[in-house]
$ cat target14.tsv   # TSV, C-alpha atoms and all ligand atoms
chain	number	residue	atom	x	y	z
H	1	MET	CA	0.00	0.00	0.00
H	2	LEU	CA	1.25	3.50	-0.83
H	3	THR	CA	2.31	5.71	2.09
H	4	ARG	CA	0.11	8.79	2.29
H	5	VAL	CA	2.35	11.87	2.43
H	6	ALA	CA	1.53	15.54	3.05
H	7	VAL	CA	3.88	18.50	2.70
H	8	ALA	CA	3.64	21.66	4.82
H	9	GLY	CA	5.39	24.63	3.19
H	10	VAL	CA	5.64	24.11	-0.56
H	11	HIS	CA	7.34	27.21	-1.88
H	12	GLY	CA	11.07	27.68	-1.34
H	13	HIS	CA	12.77	24.42	-0.36
H	14	GLY	CA	9.39	22.69	0.02
H	15	ALA	CA	9.13	22.50	-3.79
H	16	THR	CA	12.04	20.01	-3.73
H	17	HIS	CA	10.12	17.84	-1.26
H	18	VAL	CA	6.98	17.93	-3.42
H	19	ARG	CA	9.04	16.80	-6.44
H	20	ASN	CA	10.67	14.07	-4.36
H	21	VAL	CA	7.35	12.63	-3.16
H	22	LEU	CA	6.09	12.60	-6.77
H	23	ARG	CA	9.35	10.89	-7.85
H	24	LEU	CA	8.71	8.11	-5.32
H	25	ALA	CA	5.28	7.37	-6.84
H	26	ASP	CA	5.75	3.59	-6.52
H	27	ARG	CA	5.98	3.91	-2.71
H	28	ALA	CA	4.28	7.15	-1.69
H	29	ARG	CA	1.31	9.25	-2.70
H	30	LEU	CA	1.18	13.02	-2.23
H	31	VAL	CA	-2.31	13.38	-0.78
H	32	ALA	CA	-2.31	16.99	0.41
H	33	ILE	CA	-0.29	20.13	1.00
H	34	ALA	CA	-0.63	22.92	3.55
H	35	ASP	CA	0.57	26.43	2.82
H	36	PRO	CA	-0.97	29.85	3.46
H	37	ARG	CA	0.09	30.70	-0.12
H	38	PRO	CA	-1.64	28.06	-2.25
H	39	PRO	CA	0.49	26.70	-5.09
H	40	THR	CA	-0.81	26.69	-8.66
H	41	ASP	CA	0.94	23.72	-10.21
H	42	LEU	CA	0.06	20.58	-8.24
H	43	PRO	CA	-1.02	17.31	-9.87
H	44	THR	CA	-4.78	16.71	-9.80
H	45	GLY	CA	-6.05	14.89	-6.73
H	46	VAL	CA	-3.70	16.64	-4.29
H	47	GLU	CA	-5.80	18.49	-1.71
H	48	VAL	CA	-4.74	22.02	-0.75
H	49	PHE	CA	-5.19	23.55	2.72
H	50	GLY	CA	-4.18	26.89	4.25
H	51	THR	CA	-2.98	25.27	7.49
H	52	LEU	CA	-1.65	21.90	8.63
H	53	ASP	CA	-4.35	21.84	11.29
H	54	GLN	CA	-7.09	21.90	8.63
H	55	LEU	CA	-5.23	19.33	6.54
H	56	LEU	CA	-4.89	16.83	9.38
H	57	GLU	CA	-8.54	17.36	10.35
H	58	ALA	CA	-9.72	16.50	6.83
H	59	THR	CA	-7.21	13.90	5.58
H	60	ASP	CA	-5.57	10.68	6.77
H	61	VAL	CA	-1.82	11.06	6.50
H	62	ASP	CA	1.05	8.64	7.31
H	63	VAL	CA	3.97	11.04	6.89
H	64	VAL	CA	4.13	14.84	7.09
H	65	ILE	CA	7.09	16.68	5.57
H	66	ILE	CA	7.62	20.06	7.24
H	67	SER	CA	9.54	22.64	5.22
H	68	THR	CA	8.31	25.86	6.81
H	69	PRO	CA	9.98	28.80	8.64
H	70	ILE	CA	12.12	27.67	11.60
H	71	GLN	CA	9.86	29.17	14.29
H	72	THR	CA	6.91	27.05	13.04
H	73	HIS	CA	8.77	23.71	13.13
H	74	VAL	CA	7.88	22.61	16.65
H	75	PRO	CA	4.16	23.51	16.69
H	76	LEU	CA	3.65	21.91	13.26
H	77	ALA	CA	5.70	18.79	14.09
H	78	GLU	CA	3.76	18.39	17.33
H	79	LEU	CA	0.44	18.62	15.44
H	80	ALA	CA	1.59	16.02	12.94
H	81	LEU	CA	2.96	13.59	15.56
H	82	ARG	CA	-0.16	13.87	17.72
H	83	SER	CA	-2.30	13.09	14.64
H	84	GLY	CA	-0.43	9.75	14.42
H	85	ALA	CA	1.86	10.66	11.52
H	86	ASP	CA	5.64	10.32	11.29
H	87	VAL	CA	7.56	13.45	10.33
H	88	LEU	CA	10.38	14.53	8.05
H	89	LEU	CA	11.33	17.87	9.61
H	90	GLU	CA	13.57	20.37	7.88
H	91	LYS	CA	16.72	21.62	9.56
H	92	PRO	CA	17.38	23.35	11.89
H	93	PRO	CA	14.81	21.21	13.70
H	94	THR	CA	14.28	23.64	16.59
H	95	ALA	CA	15.36	27.16	17.50
H	96	SER	CA	16.15	26.39	21.16
H	97	LEU	CA	17.06	23.62	23.56
H	98	ALA	CA	13.70	24.02	25.32
H	99	GLU	CA	11.92	23.33	22.02
H	100	PHE	CA	14.21	20.35	21.44
H	101	GLU	CA	13.21	18.91	24.80
H	102	GLN	CA	9.54	19.66	24.12
H	103	LEU	CA	9.56	17.78	20.82
H	104	SER	CA	11.62	14.92	22.33
H	105	ALA	CA	8.87	14.52	24.94
H	106	VAL	CA	6.14	14.48	22.25
H	107	LEU	CA	8.06	11.81	20.32
H	108	ALA	CA	8.40	9.68	23.45
H	109	GLU	CA	4.72	10.14	24.29
H	110	THR	CA	3.36	9.41	20.81
H	111	GLY	CA	5.87	6.69	19.83
H	112	ARG	CA	6.11	8.26	16.37
H	113	VAL	CA	9.40	8.98	14.57
H	114	CYS	CA	11.00	12.12	13.20
H	115	GLN	CA	13.74	12.25	10.62
H	116	VAL	CA	15.54	15.61	10.32
H	117	GLY	CA	16.51	17.06	6.93
H	118	PHE	CA	20.28	17.03	7.42
H	119	GLN	CA	20.93	15.34	4.08
H	120	ALA	CA	24.72	15.56	4.57
H	121	GLN	CA	24.24	12.89	7.26
H	122	ALA	CA	22.74	10.58	4.65
H	123	ALA	CA	25.70	11.09	2.33
H	124	GLN	CA	27.73	7.91	1.95
H	125	ALA	CA	30.81	10.16	1.73
H	126	THR	CA	30.14	11.38	5.29
H	127	LEU	CA	29.48	7.87	6.58
H	128	HIS	CA	32.59	6.47	4.88
H	129	LEU	CA	34.74	9.21	6.40
H	130	ALA	CA	33.26	8.53	9.86
H	131	LYS	CA	34.15	4.85	9.39
H	132	ILE	CA	37.78	5.41	8.41
H	133	MET	CA	38.20	7.89	11.27
H	134	ALA	CA	36.84	5.32	13.72
H	135	GLU	CA	39.27	2.73	12.26
H	136	GLY	CA	42.16	5.14	12.99
H	137	GLN	CA	43.15	5.51	9.32
H	138	LEU	CA	43.73	9.25	9.78
H	139	GLY	CA	45.60	8.73	13.06
H	140	GLU	CA	44.83	10.92	16.08
H	141	ILE	CA	42.18	13.51	15.27
H	142	ARG	CA	43.56	16.97	16.08
H	143	GLY	CA	40.30	18.64	15.19
H	144	ILE	CA	37.60	19.14	12.58
H	145	SER	CA	36.77	22.31	10.72
H	146	ALA	CA	33.60	23.15	8.82
H	147	ILE	CA	34.06	25.79	6.18
H	148	GLY	CA	31.51	27.75	4.18
H	149	LYS	CA	32.25	30.54	1.72
H	150	TRP	CA	28.89	31.52	0.31
H	151	VAL	CA	27.27	34.48	-1.41
H	152	ARG	CA	23.77	35.48	-0.34
H	153	THR	CA	22.13	38.53	-1.92
H	154	ALA	CA	19.41	40.90	-0.69
H	155	ARG	CA	16.86	38.64	-2.45
H	156	TYR	CA	17.65	35.85	0.03
H	157	PHE	CA	17.09	37.99	3.11
H	158	ASP	CA	14.04	39.76	1.61
H	159	ARG	CA	12.21	36.55	0.63
H	160	ALA	CA	10.50	36.02	4.01
H	161	PRO	CA	9.96	37.95	7.26
H	162	TRP	CA	11.90	35.37	9.31
H	163	ALA	CA	15.03	35.47	7.12
H	164	GLY	CA	18.11	36.73	8.97
H	165	ARG	CA	16.17	37.14	12.24
H	166	ARG	CA	17.24	36.10	15.74
H	167	THR	CA	13.64	36.35	16.93
H	168	LEU	CA	10.31	37.19	15.35
H	169	ASN	CA	7.51	38.61	17.52
H	170	GLY	CA	9.45	37.44	20.57
H	171	VAL	CA	9.80	33.85	19.31
H	172	PRO	CA	13.31	32.44	18.71
H	173	VAL	CA	14.22	31.97	15.03
H	174	VAL	CA	18.07	31.94	15.10
H	175	ASP	CA	18.41	32.17	11.32
H	176	GLY	CA	22.15	32.83	11.11
H	177	ALA	CA	24.91	31.51	8.84
H	178	VAL	CA	26.00	28.78	11.27
H	179	THR	CA	22.55	27.62	12.34
H	180	ASN	CA	20.68	27.68	9.05
H	181	PRO	CA	22.23	28.10	5.59
H	182	LEU	CA	25.47	26.33	6.58
H	183	ALA	CA	23.92	24.12	9.28
H	184	HIS	CA	24.81	20.95	7.38
H	185	SER	CA	28.50	21.69	7.94
H	186	THR	CA	28.18	21.70	11.73
H	187	ALA	CA	25.87	18.67	11.70
H	188	ALA	CA	28.26	16.70	9.48
H	189	ALA	CA	31.26	17.63	11.66
H	190	LEU	CA	29.41	16.46	14.79
H	191	LEU	CA	28.47	13.20	13.07
H	192	LEU	CA	32.11	12.59	12.08
H	193	ASP	CA	33.15	13.02	15.70
H	194	GLY	CA	30.39	10.68	16.88
H	195	SER	CA	29.02	13.61	18.90
H	196	THR	CA	25.45	14.09	17.65
H	197	GLY	CA	23.72	13.67	21.03
H	198	VAL	CA	22.57	16.46	23.33
H	199	HIS	CA	25.07	15.36	26.02
H	200	ASP	CA	28.04	15.13	23.61
H	201	ILE	CA	28.97	18.82	23.77
H	202	ARG	CA	31.33	20.18	26.43
H	203	SER	CA	31.41	23.84	25.35
H	204	VAL	CA	30.50	26.20	22.51
H	205	GLU	CA	32.44	29.45	21.97
H	206	THR	CA	30.76	31.90	19.61
H	207	ASP	CA	32.33	34.70	17.60
H	208	LEU	CA	29.53	36.22	15.51
H	209	PHE	CA	29.65	39.09	12.99
H	210	ARG	CA	27.45	40.54	10.31
H	211	ALA	CA	27.92	42.69	7.23
H	212	ASN	CA	24.29	42.65	6.03
H	213	GLY	CA	21.57	44.77	7.62
H	214	ILE	CA	20.10	41.75	9.41
H	215	GLU	CA	19.84	40.66	13.06
H	216	SER	CA	21.71	37.38	12.73
H	217	ASP	CA	25.31	36.55	11.97
H	218	ASP	CA	26.50	36.20	8.39
H	219	THR	CA	30.28	35.84	9.03
H	220	SER	CA	31.24	33.75	12.03
H	221	THR	CA	33.55	31.37	13.76
H	222	VAL	CA	32.27	28.99	16.41
H	223	ARG	CA	34.38	26.45	18.32
H	224	ILE	CA	32.59	23.43	19.69
H	225	THR	CA	34.49	21.18	22.06
H	226	THR	CA	32.89	17.77	22.25
H	227	THR	CA	32.90	15.65	25.39
H	228	ARG	CA	35.51	13.39	23.78
H	229	GLY	CA	37.73	16.49	23.56
H	230	THR	CA	37.65	17.21	19.82
H	231	PRO	CA	37.70	20.88	18.83
H	232	ILE	CA	35.32	21.56	15.92
H	233	VAL	CA	35.74	25.00	14.37
H	234	VAL	CA	32.95	26.28	12.15
H	235	ALA	CA	34.20	29.16	9.97
H	236	VAL	CA	31.57	30.49	7.59
H	237	THR	CA	30.47	33.55	5.68
H	238	LEU	CA	27.57	34.49	3.43
H	239	CYS	CA	29.69	37.44	2.21
H	240	ALA	CA	32.35	35.67	0.14
H	241	ILE	CA	33.76	36.84	-3.16
H	242	GLU	CA	32.31	33.77	-4.90
H	243	HIS	CA	29.97	30.93	-3.87
H	244	LEU	CA	31.96	27.73	-3.19
H	245	ASP	CA	31.03	24.21	-2.12
H	246	PRO	CA	31.03	23.94	1.67
H	247	THR	CA	33.61	21.52	3.10
H	248	VAL	CA	34.33	19.70	6.33
H	249	ILE	CA	38.02	19.05	6.96
H	250	VAL	CA	39.32	16.40	9.34
H	251	HIS	CA	42.82	17.12	10.61
H	252	GLY	CA	44.44	13.80	11.53
H	253	SER	CA	48.01	13.04	12.63
H	254	GLN	CA	48.30	10.70	9.62
H	255	GLY	CA	46.59	12.87	7.03
H	256	ARG	CA	43.79	15.20	6.18
H	257	ALA	CA	40.38	14.40	4.73
H	258	VAL	CA	38.15	16.91	2.99
H	259	LEU	CA	34.44	16.17	2.73
H	260	HIS	CA	32.47	18.01	0.04
H	261	TYR	CA	29.05	16.99	1.31
H	262	SER	CA	27.03	18.80	-1.35
H	263	THR	CA	28.71	16.75	-4.11
H	264	ASP	CA	29.25	13.55	-2.06
H	265	THR	CA	32.97	13.73	-2.68
H	266	LEU	CA	35.75	12.83	-0.30
H	267	VAL	CA	39.37	13.89	-0.80
H	268	LEU	CA	41.55	11.43	1.13
H	269	PRO	CA	45.35	11.09	1.28
H	270	ASP	CA	45.03	8.33	-1.41
H	271	GLY	CA	42.88	10.33	-3.83
H	272	VAL	CA	39.38	11.55	-4.64
H	273	HIS	CA	36.35	9.32	-4.03
H	274	THR	CA	32.74	9.96	-5.07
H	275	PHE	CA	29.75	8.39	-3.35
H	276	GLU	CA	25.99	7.94	-3.67
H	277	ARG	CA	23.61	9.86	-1.46
H	278	ALA	CA	20.68	8.15	0.16
H	279	ASP	CA	17.35	9.97	0.24
H	280	LEU	CA	15.98	10.94	3.68
H	281	LEU	CA	12.34	10.30	2.73
H	282	THR	CA	13.16	6.89	1.21
H	283	ASN	CA	15.04	6.04	4.40
H	284	LEU	CA	12.03	7.11	6.50
H	285	LEU	CA	9.74	4.91	4.36
H	286	ASP	CA	12.19	2.00	4.75
H	287	HIS	CA	12.27	2.54	8.52
H	288	ARG	CA	8.46	2.60	8.71
H	289	ALA	CA	8.33	-0.68	6.78
H	290	ASP	CA	11.04	-2.26	8.94
H	291	PRO	CA	12.06	-0.49	12.17
H	292	ALA	CA	15.33	-2.47	12.09
H	293	VAL	CA	16.42	-0.08	9.30
H	294	PRO	CA	17.97	2.86	11.18
H	295	LEU	CA	17.09	6.43	10.31
H	296	TYR	CA	20.00	8.46	8.98
H	297	CYS	CA	19.09	11.47	11.07
H	298	PRO	CA	16.66	10.69	13.90
H	299	PHE	CA	15.56	13.72	15.92
H	300	ALA	CA	17.66	12.62	18.94
H	301	ALA	CA	20.78	12.79	16.75
H	302	THR	CA	20.30	16.55	16.36
H	303	GLY	CA	20.72	17.26	20.09
H	304	GLY	CA	24.41	18.16	19.74
H	305	PHE	CA	23.60	20.50	16.88
H	306	THR	CA	20.83	22.08	18.95
H	307	ARG	CA	23.33	22.82	21.74
H	308	VAL	CA	25.15	24.95	19.14
H	309	VAL	CA	21.87	26.65	18.16
H	310	GLU	CA	21.21	27.36	21.83
H	311	ALA	CA	24.67	28.89	22.35
H	312	ILE	CA	24.16	31.15	19.33
H	313	ARG	CA	20.64	32.05	20.48
H	314	LEU	CA	22.00	33.15	23.85
H	315	ALA	CA	25.16	34.84	22.50
H	316	PRO	CA	25.43	38.63	22.32
H	317	GLU	CA	24.17	40.20	19.09
H	318	PRO	CA	26.61	39.78	16.19
H	319	ALA	CA	29.12	42.62	15.95
H	320	VAL	CA	28.78	44.81	12.86
H	321	ILE	CA	31.68	44.63	10.39
H	322	PRO	CA	32.66	48.25	9.63
H	323	ASP	CA	31.98	49.55	6.11
H	324	SER	CA	35.70	50.07	5.52
H	325	PHE	CA	36.11	46.25	5.35
H	326	LEU	CA	33.19	45.76	2.92
H	327	ARG	CA	32.73	46.03	-0.82
H	328	TRP	CA	29.15	46.01	-2.13
H	329	GLU	CA	28.35	44.43	-5.48
H	330	GLY	CA	25.15	44.12	-7.53
H	331	GLU	CA	22.00	46.23	-7.57
H	332	GLY	CA	18.57	45.86	-5.95
H	333	PRO	CA	17.81	42.21	-5.13
H	334	ASP	CA	21.28	41.17	-6.35
H	335	ARG	CA	23.13	43.51	-3.97
H	336	HIS	CA	25.51	41.78	-1.56
H	337	PRO	CA	28.49	42.67	0.62
H	338	ILE	CA	31.93	41.09	0.28
H	339	VAL	CA	34.01	41.04	3.44
H	340	GLU	CA	37.58	41.96	2.51
H	341	ASN	CA	39.85	38.92	2.47
H	342	VAL	CA	37.32	36.81	4.43
H	343	GLU	CA	38.45	33.66	2.58
H	344	HIS	CA	41.97	34.04	3.99
H	345	TRP	CA	40.67	34.39	7.58
H	346	ILE	CA	38.34	31.39	7.17
H	347	ASP	CA	41.23	29.25	5.91
H	348	ARG	CA	43.38	30.34	8.86
H	349	ALA	CA	40.56	29.63	11.33
H	350	SER	CA	40.26	26.17	9.79
H	351	ASP	CA	44.00	25.39	9.80
H	352	GLU	CA	44.63	26.75	13.30
H	353	LEU	CA	41.25	25.67	14.76
H	354	ALA	CA	40.97	29.25	16.00
H	355	LEU	CA	38.29	31.93	16.20
H	356	PHE	CA	38.44	35.13	14.12
H	357	SER	CA	38.95	37.09	17.36
H	358	GLU	CA	41.93	34.91	18.36
H	359	LEU	CA	43.45	35.46	14.92
H	360	ARG	CA	42.80	39.19	15.22
H	361	ALA	CA	40.91	39.40	11.93
H	362	PRO	CA	41.11	43.04	10.84
H	363	TRP	CA	37.37	43.90	11.14
H	364	ILE	CA	37.34	43.13	14.87
E	1	LIG	N1	17.82	20.74	3.69
E	1	LIG	C1	18.22	21.79	2.99
E	1	LIG	O1	19.24	21.77	2.30
E	1	LIG	C2	17.41	23.06	3.04
E	1	LIG	C3	17.57	24.04	2.06
E	1	LIG	C4	16.81	25.21	2.16
E	1	LIG	C5	15.91	25.39	3.21
E	1	LIG	N2	15.81	24.39	4.16
E	1	LIG	C6	14.89	24.55	5.29
E	1	LIG	O2	13.55	24.48	4.84
E	1	LIG	C7	12.72	25.30	5.66
E	1	LIG	C8	12.01	26.32	4.79
E	1	LIG	O3	12.97	27.18	4.23
E	1	LIG	P1	12.65	28.08	2.95
E	1	LIG	O4	13.92	28.78	2.66
E	1	LIG	O5	12.00	27.26	1.89
E	1	LIG	O6	11.60	29.10	3.59
E	1	LIG	P2	10.59	30.10	2.86
E	1	LIG	O7	10.15	31.09	3.86
E	1	LIG	O8	11.22	30.56	1.58
E	1	LIG	O9	9.36	29.14	2.48
E	1	LIG	C9	8.57	28.60	3.52
E	1	LIG	C10	7.28	28.05	2.98
E	1	LIG	O10	6.45	27.68	4.08
E	1	LIG	C11	5.16	28.33	3.96
E	1	LIG	N3	4.64	28.53	5.31
E	1	LIG	C12	4.90	29.53	6.19
E	1	LIG	N4	4.26	29.31	7.35
E	1	LIG	C13	3.56	28.15	7.20
E	1	LIG	C14	2.71	27.41	8.04
E	1	LIG	N5	2.46	27.81	9.31
E	1	LIG	N6	2.17	26.26	7.56
E	1	LIG	C15	2.42	25.84	6.31
E	1	LIG	N7	3.24	26.51	5.45
E	1	LIG	C16	3.80	27.64	5.92
E	1	LIG	C17	5.44	29.60	3.18
E	1	LIG	O11	4.26	30.10	2.55
E	1	LIG	C18	6.46	29.08	2.16
E	1	LIG	O12	5.82	28.39	1.12
E	1	LIG	C19	13.65	25.95	6.70
E	1	LIG	O13	13.68	25.17	7.85
E	1	LIG	C20	14.99	25.89	5.99
E	1	LIG	O14	16.09	25.91	6.87
E	1	LIG	C21	16.51	23.24	4.08

$ encode --input "target14.tsv" --output "structure tokens" --more "lines below"
Ligand SMILES: NC(=O)c1ccc[n+]([C@@H]2O[C@H](COP(=O)([O-])OP(=O)(O)OC[C@H]3O[C@@H](n4cnc5c(N)ncnc54)[C@H](O)[C@@H]3O)[C@@H](O)[C@H]2O)c1
Amino acid sequence: MLTRVAVAGVHGHGATHVRNVLRLADRARLVAIADPRPPTDLPTGVEVFGTLDQLLEATDVDVVIISTPIQTHVPLAELALRSGADVLLEKPPTASLAEFEQLSAVLAETGRVCQVGFQAQAAQATLHLAKIMAEGQLGEIRGISAIGKWVRTARYFDRAPWAGRRTLNGVPVVDGAVTNPLAHSTAAALLLDGSTGVHDIRSVETDLFRANGIESDDTSTVRITTTRGTPIVVAVTLCAIEHLDPTVIVHGSQGRAVLHYSTDTLVLPDGVHTFERADLLTNLLDHRADPAVPLYCPFAATGGFTRVVEAIRLAPEPAVIPDSFLRWEGEGPDRHPIVENVEHWIDRASDELALFSELRAPWI
């Protein structure tokens, strides 16, 4: 029998989920969508609702995919789980540790499951690297760095009221470079260290800056020390000179590994390896059919990541990078700042496992 799937939030990234459900037509049927902005191009037979509440009231659903603004994740996931559905919840799953605990309690109470949309954790490249690290093939692990050099224009921050916000109407959002656009980097680094759980984090040092006229950080270093003692430095910007693939670098005493999670490529001391990526929805369907099949990213395995979100939520506001260190390019929706030489400072942060402030980056 086909699994009955609904999608909440179908514009933006949700469109990818809609396409994916339709692609899996031999296993799943898209029965309904919920979005306050109704879409125009759905296949016939798919019911359309303004809210998930109305959808669940009117339709039987086995799986709900939630691809909505961050601050709506927990209330919508709770609705779906309490209706008896399993959930595929987009990252970042929650905007605070309190919300993480709230949803953990709902999962325990309902006995339902929640897979989180950290697709880098379903990349065979990531899992292979974790395996060779555990086998000691890279020697002692000195540290891990997660690097992102991205370009985001005014269009990105103007697309929705929650974009680039720390809070919205008093509710935590925490939509910054580390916690949202480049969240996969931190999640993948934690997975490689075997430190995905909520109790696997010893400390989180934050060093947050912004060049855009937003509330959140767009150029940051964060150092996570895991309970096993590994330093993980996240060094990211949305104000790079050009948009590059994000990478996670493992610094081992017997060599370095570079994970390009968006292309499922691994650069190891013996050469370049390319891998297949598993699909998070397919994995959830497999798990529902046979609970012995583990989820790639069960909700509990985002606890370590949520400790990072919590530290950033509670950190002081990002410091503003002075205009003298910025160059603005593009017009109107294409306008974006470039932080002078930010690539150099990110590479140093990665190599030295240090924060921008420790390196005395010039804009500080
Ligand atoms: N896994 C990934 O690589 C990836 C990539 C991009 C975005 N995301 C995540 O997907 C989520 C959505 O991001 P986005 O950039 O598409 O956001 P967006 O604001 O561009 O789109 C959100 C969609 O949700 C709808 N929506 C808003 N409130 C709703 C509600 N209460 N119920 C139902 N629908 C509602 C909006 O109308 C819109 O269609 C975020 O959590 C984001 O981090 C994940």

$ closest_residue --input "target14.tsv" --among "H:Leu281, H:Ile224, H:Ala154, H:Ile65" --to "H:Thr306" --atoms "only C-alpha atoms"
H:Ile224

$ residues_around --input "target14.tsv" --residues "H:His17" --least-positions-apart "3" --cutoff "12 Å" --atoms "all atoms listed in the file" --output "number ranges by chain"
H: 5-14, 20-24, 30, 33, 64-68, 88-90, 117, 279-282

$ residues_near_ligand --input "target14.tsv" --ligand "ligand LIG 1 (chain E)" --cutoff "9 Å" --atoms "only C-alpha atoms and all ligand atoms" --output "PyMOL selection string"
chain H and resi 7-16+33-39+49-53+66-73+75-76+89-94+116-120+156+159-163+175+179-184

$ residues_around --input "target14.tsv" --residues "H:Gly229" --least-positions-apart "2" --cutoff "12 Å" --atoms "all atoms listed in the file" --output "list in words"
Glu140, Ile141, Arg142, Gly143, Ile144, Asp193, Gly194, Ser195, Asp200, Ile201, Arg202, Ser203, Arg223, Ile224, Thr225, Thr226, Thr227, Pro231 and Ile232 of chain H

$ residues_around --input "target14.tsv" --residues "stretch 311-314 of chain H" --least-positions-apart "3" --cutoff "7 Å" --atoms "only C-alpha atoms" --output "PDB file with C-alpha atoms, keeping the file's coordinate frame"
ATOM      1  CA  VAL H 174      18.070  31.940  15.100  1.00  0.00           C
ATOM      2  CA  VAL H 204      30.500  26.200  22.510  1.00  0.00           C
ATOM      3  CA  THR H 206      30.760  31.900  19.610  1.00  0.00           C
ATOM      4  CA  ARG H 307      23.330  22.820  21.740  1.00  0.00           C
ATOM      5  CA  VAL H 308      25.150  24.950  19.140  1.00  0.00           C
TER       6      VAL H 308
END

$ residues_around --input "target14.tsv" --residues "H:Val342" --least-positions-apart "3" --cutoff "10 Å" --atoms "all atoms listed in the file" --output "PyMOL selection string"
chain H and resi 149+219+235-237+239-241+325-326+338-339+345-348+356+361-363

$ closest_residue --input "target14.tsv" --among "H:Leu208, H:Leu295, H:Ile364, H:Ile147" --to "H:Asn283" --atoms "all atoms listed in the file"
H:Leu295

$ residues_near_point --input "target14.tsv" --point "(26.0, 17.1, 21.1)" --cutoff "6 Å" --atoms "only C-alpha atoms" --output "number ranges by chain"
H: 195-201, 303-305

$ write_last_selection --input "target14.tsv" --atoms "C-alpha atoms" --output "compact mmCIF listing (two decimals), in the coordinates of the input"
# COMPACT_ATOMS: atom_id res chain seq x y z
CA SER H 195 29.02 13.61 18.90
CA THR H 196 25.45 14.09 17.65
CA GLY H 197 23.72 13.67 21.03
CA VAL H 198 22.57 16.46 23.33
CA HIS H 199 25.07 15.36 26.02
CA ASP H 200 28.04 15.13 23.61
CA ILE H 201 28.97 18.82 23.77
CA GLY H 303 20.72 17.26 20.09
CA GLY H 304 24.41 18.16 19.74
CA PHE H 305 23.60 20.50 16.88

$ atom_distance --input "target14.tsv" --atom1 "atom CA of H:Val233" --atom2 "atom CA of H:Ser216"
18.8 Å

$ atom_distance --input "target14.tsv" --atom1 "atom CA of H:Cys114" --atom2 "atom CA of H:Cys297"
8.4 Å

$ residues_around --input "target14.tsv" --residues "H:Met1" --least-positions-apart "3" --cutoff "10 Å" --atoms "all atoms listed in the file" --output "PDB file with C-alpha atoms, in the frame of the given file"
ATOM      1  CA  ARG H   4       0.110   8.790   2.290  1.00  0.00           C
ATOM      2  CA  ASP H  26       5.750   3.590  -6.520  1.00  0.00           C
ATOM      3  CA  ARG H  27       5.980   3.910  -2.710  1.00  0.00           C
ATOM      4  CA  ALA H  28       4.280   7.150  -1.690  1.00  0.00           C
ATOM      5  CA  ARG H  29       1.310   9.250  -2.700  1.00  0.00           C
TER       6      ARG H  29
END

$ decode --input "target14.tsv" --residues "stretch 251-262 of chain H" --atoms "N, CA and C atoms" --output "mmCIF file, in the first residue's frame"
data_model
loop_
_atom_site.group_PDB
_atom_site.id
_atom_site.type_symbol
_atom_site.label_atom_id
_atom_site.label_comp_id
_atom_site.auth_asym_id
_atom_site.auth_seq_id
_atom_site.Cartn_x
_atom_site.Cartn_y
_atom_site.Cartn_z
ATOM 1 N N HIS H 251 41.367 16.970 10.466
ATOM 2 C CA HIS H 251 42.821 17.117 10.611
ATOM 3 C C HIS H 251 43.327 15.950 11.459
ATOM 4 N N GLY H 252 43.945 14.968 10.810
ATOM 5 C CA GLY H 252 44.437 13.796 11.530
ATOM 6 C C GLY H 252 45.957 13.786 11.557
ATOM 7 N N SER H 253 46.538 13.081 12.554
ATOM 8 C CA SER H 253 48.007 13.036 12.635
ATOM 9 C C SER H 253 48.603 12.288 11.445
ATOM 10 N N GLN H 254 47.763 11.430 10.779
ATOM 11 C CA GLN H 254 48.299 10.699 9.621
ATOM 12 C C GLN H 254 47.668 11.151 8.314
ATOM 13 N N GLY H 255 47.141 12.371 8.294
ATOM 14 C CA GLY H 255 46.592 12.874 7.033
ATOM 15 C C GLY H 255 45.321 13.661 7.240
ATOM 16 N N ARG H 256 44.920 14.284 6.150
ATOM 17 C CA ARG H 256 43.793 15.195 6.179
ATOM 18 C C ARG H 256 42.722 14.648 5.246
ATOM 19 N N ALA H 257 41.477 14.791 5.618
ATOM 20 C CA ALA H 257 40.381 14.400 4.727
ATOM 21 C C ALA H 257 39.484 15.604 4.525
ATOM 22 N N VAL H 258 39.044 15.781 3.285
ATOM 23 C CA VAL H 258 38.154 16.910 2.989
ATOM 24 C C VAL H 258 36.853 16.360 2.426
ATOM 25 N N LEU H 259 35.772 16.629 3.139
ATOM 26 C CA LEU H 259 34.444 16.175 2.725
ATOM 27 C C LEU H 259 33.713 17.315 2.021
ATOM 28 N N HIS H 260 33.321 17.063 0.762
ATOM 29 C CA HIS H 260 32.466 18.015 0.039
ATOM 30 C C HIS H 260 31.070 17.401 0.087
ATOM 31 N N TYR H 261 30.294 17.753 1.126
ATOM 32 C CA TYR H 261 29.049 16.994 1.309
ATOM 33 C C TYR H 261 28.006 17.317 0.262
ATOM 34 N N SER H 262 28.074 18.494 -0.362
ATOM 35 C CA SER H 262 27.028 18.795 -1.347
ATOM 36 C C SER H 262 27.251 18.073 -2.668
#
